[in-house]
Structures are given as C-alpha cells and as structure tokens.
Amino acid sequence: MAPREDEALKPRHRVLIVDDEESTRLLLASMLSKDLGIDAQLAGTCEQALRLAGNYAYDAILLDLLMPGIGGQAVLAEIRQRGPNARTPIIIVSVVGDQATIDACMAAGANAYHHKPVHRADLVATVKAQVAARSKARSATG
C-alpha cells in the first residue's frame, strides 16, 4: 500500500541509537520506526557514536550508559561540548537507575532518562516530545 500523499511529503526524523547490545538497538529502532516513522541510525560502540554524532545532525539521540570504552556518560559530555548535536535532545536509556547517576546525567545535559526495561509508550512519548521541541526550536531560529 502506497503512503498517503501528506505522509510522503513529511520529512522523517533521524534518531541515533547508541547501545552495545545489538538486540536492544534493533528493538528500540523497531519501536520508534513503527510508532513514529523515525529513521534510526545505530551505533554499537562509544567511538562509533562520537564519530556519527560529530558528522551528522540528529533530531534526538538515545544513549546507553554501560558501554565498553569511555562509557555513555563520557559520550554525553563530548556530544554536549561541540558539533552538530550539542543541542540535540539526548535521552538516556540504561539499566542503571540510581538517583545519583540520573542526576549526574541530567546535570551533564541529558534531556530525559528511561530505565531499562523501557516502557514502550513512555519512551515513544518522550522521543515524540523531544523531537517536537527540537523541531520547534529549529524553526524559531531558522
């Protein structure tokens, strides 16, 4: 079935999903693609995430914390320092749920925090709201 004309003209939002677990990356990408029509790009390492975030602008980034290498909190800090995603909404999606970690991530510039296992409706609502806020901010300054 062909997409309706208004859907075909609507730009797809690009979201970077960063998680070292392939099954989690694929699950999150499937959820966002089906529910929001998101164009997901996947990164399995911190280094890959930084390379992609340094070269491409995204509408939102989903970021795991417990990853080999420099780790998710360092990725968050580096993305916030410079590049095309310094103001992009970053949503932490992690098994770590202690308040000190949540507070540290929010202070470092995360826009939202979801504890794994994620509740689909909550995550979809957060991504939708963050992408909408990003789009509104872009149109106000552009």
# chains A, B, ... in the order shown; residues from 1 in each chain; ligands from 1
call {"tool": "closest_atom_pairs", "arguments": {"of": "stretch 77-126 of chain A", "to": "stretch 37-46 of chain A", "cutoff": "12 Å", "atoms": "only C-alpha atoms", "output": "tab-separated table"}}
result
residue	atom	partner	partner_atom	distance
A:Ala77	CA	A:Cys46	CA	11.9
A:Glu78	CA	A:Cys46	CA	10.6
A:Ile79	CA	A:Cys46	CA	11.0
A:Val124	CA	A:Ile38	CA	10.4
call {"tool": "residues_around", "arguments": {"residues": "stretch 89-93 of chain A", "least_positions_apart": "3", "cutoff": "8 Å", "atoms": "only C-alpha atoms", "output": "count of residues only"}}
result
22
call {"tool": "select_by_dssp", "arguments": {"residues": "stretch 7-47 of chain A", "states": "helix (DSSP H, G or I)", "output": "ChimeraX atom specification"}}
result
/A:7-9,22-36,46-47
call {"tool": "closest_residue", "arguments": {"among": "A:Val75, A:Val95, A:Ala140, A:Ala132", "to": "A:Ala108", "atoms": "only C-alpha atoms"}}
result
A:Val75
call {"tool": "select_by_dssp", "arguments": {"residues": "chain A", "states": "strand (DSSP E)", "output": "JSON, numbers by chain"}}
result
{"A": [14, 15, 16, 17, 18, 39, 40, 41, 42, 43, 60, 61, 62, 63, 90, 91, 92, 93, 94, 112, 113, 114, 115]}
call {"tool": "write_last_selection", "arguments": {"atoms": "N, CA and C atoms", "output": "tab-separated table (two decimals), in the first residue's frame"}}
result
chain	number	residue	atom	x	y	z
A	14	ARG	N	15.48	11.86	12.14
A	14	ARG	CA	16.63	10.96	12.30
A	14	ARG	C	17.02	10.87	13.77
A	15	VAL	N	17.13	9.64	14.25
A	15	VAL	CA	17.49	9.39	15.64
A	15	VAL	C	18.69	8.45	15.67
A	16	LEU	N	19.69	8.79	16.46
A	16	LEU	CA	20.84	7.93	16.67
A	16	LEU	C	20.58	7.09	17.92
A	17	ILE	N	20.69	5.78	17.79
A	17	ILE	CA	20.50	4.86	18.91
A	17	ILE	C	21.85	4.23	19.24
A	18	VAL	N	22.32	4.48	20.48
A	18	VAL	CA	23.64	4.03	20.90
A	18	VAL	C	23.49	3.01	22.03
A	39	ASP	N	13.62	7.50	11.33
A	39	ASP	CA	14.74	6.91	10.59
A	39	ASP	C	15.88	6.73	11.59
A	40	ALA	N	16.11	5.50	12.02
A	40	ALA	CA	17.10	5.23	13.06
A	40	ALA	C	18.45	4.87	12.47
A	41	GLN	N	19.49	5.45	13.07
A	41	GLN	CA	20.86	5.07	12.76
A	41	GLN	C	21.42	4.45	14.03
A	42	LEU	N	22.16	3.35	13.89
A	42	LEU	CA	22.59	2.58	15.05
A	42	LEU	C	24.09	2.66	15.25
A	43	ALA	N	24.49	2.76	16.53
A	43	ALA	CA	25.91	2.74	16.89
A	43	ALA	C	26.09	1.73	18.03
A	60	ALA	N	17.24	13.48	17.62
A	60	ALA	CA	17.35	13.00	19.01
A	60	ALA	C	18.39	11.89	19.04
A	61	ILE	N	18.93	11.65	20.23
A	61	ILE	CA	19.90	10.58	20.44
A	61	ILE	C	19.45	9.77	21.65
A	62	LEU	N	19.37	8.45	21.50
A	62	LEU	CA	19.13	7.55	22.61
A	62	LEU	C	20.47	6.94	22.99
A	63	LEU	N	20.83	7.01	24.27
A	63	LEU	CA	22.19	6.65	24.69
A	63	LEU	C	22.18	5.75	25.91
A	90	ILE	N	19.09	14.44	24.09
A	90	ILE	CA	19.72	13.16	24.39
A	90	ILE	C	18.90	12.48	25.49
A	91	ILE	N	18.44	11.29	25.17
A	91	ILE	CA	17.61	10.51	26.08
A	91	ILE	C	18.43	9.31	26.54
A	92	ILE	N	18.70	9.24	27.82
A	92	ILE	CA	19.44	8.11	28.37
A	92	ILE	C	18.48	6.93	28.51
A	93	VAL	N	18.93	5.76	28.04
A	93	VAL	CA	18.17	4.52	28.17
A	93	VAL	C	19.14	3.50	28.77
A	94	SER	N	19.01	3.26	30.08
A	94	SER	CA	20.02	2.46	30.77
A	94	SER	C	19.42	1.59	31.86
A	112	ALA	N	16.28	13.56	29.09
A	112	ALA	CA	15.36	12.61	29.71
A	112	ALA	C	16.13	11.35	30.06
A	113	TYR	N	15.54	10.55	30.95
A	113	TYR	CA	16.19	9.33	31.42
A	113	TYR	C	15.14	8.24	31.52
A	114	HIS	N	15.39	7.11	30.86
A	114	HIS	CA	14.50	5.95	30.94
A	114	HIS	C	15.28	4.76	31.44
A	115	HIS	N	14.71	4.07	32.40
A	115	HIS	CA	15.32	2.90	33.00
A	115	HIS	C	14.90	1.65	32.21
call {"tool": "residues_around", "arguments": {"residues": "A:Ala53", "least_positions_apart": "3", "cutoff": "7 Å", "atoms": "only C-alpha atoms", "output": "ChimeraX atom specification"}}
result
/A:49-50,56-57,79,85
call {"tool": "atom_distance", "arguments": {"atom1": "atom CA of A:Gly71", "atom2": "atom CA of A:Gln48"}}
result
11.9 Å
call {"tool": "closest_residue", "arguments": {"among": "A:Glu47, A:Ser135, A:Lys128, A:Thr24", "to": "A:Ile70", "atoms": "only C-alpha atoms"}}
result
A:Glu47
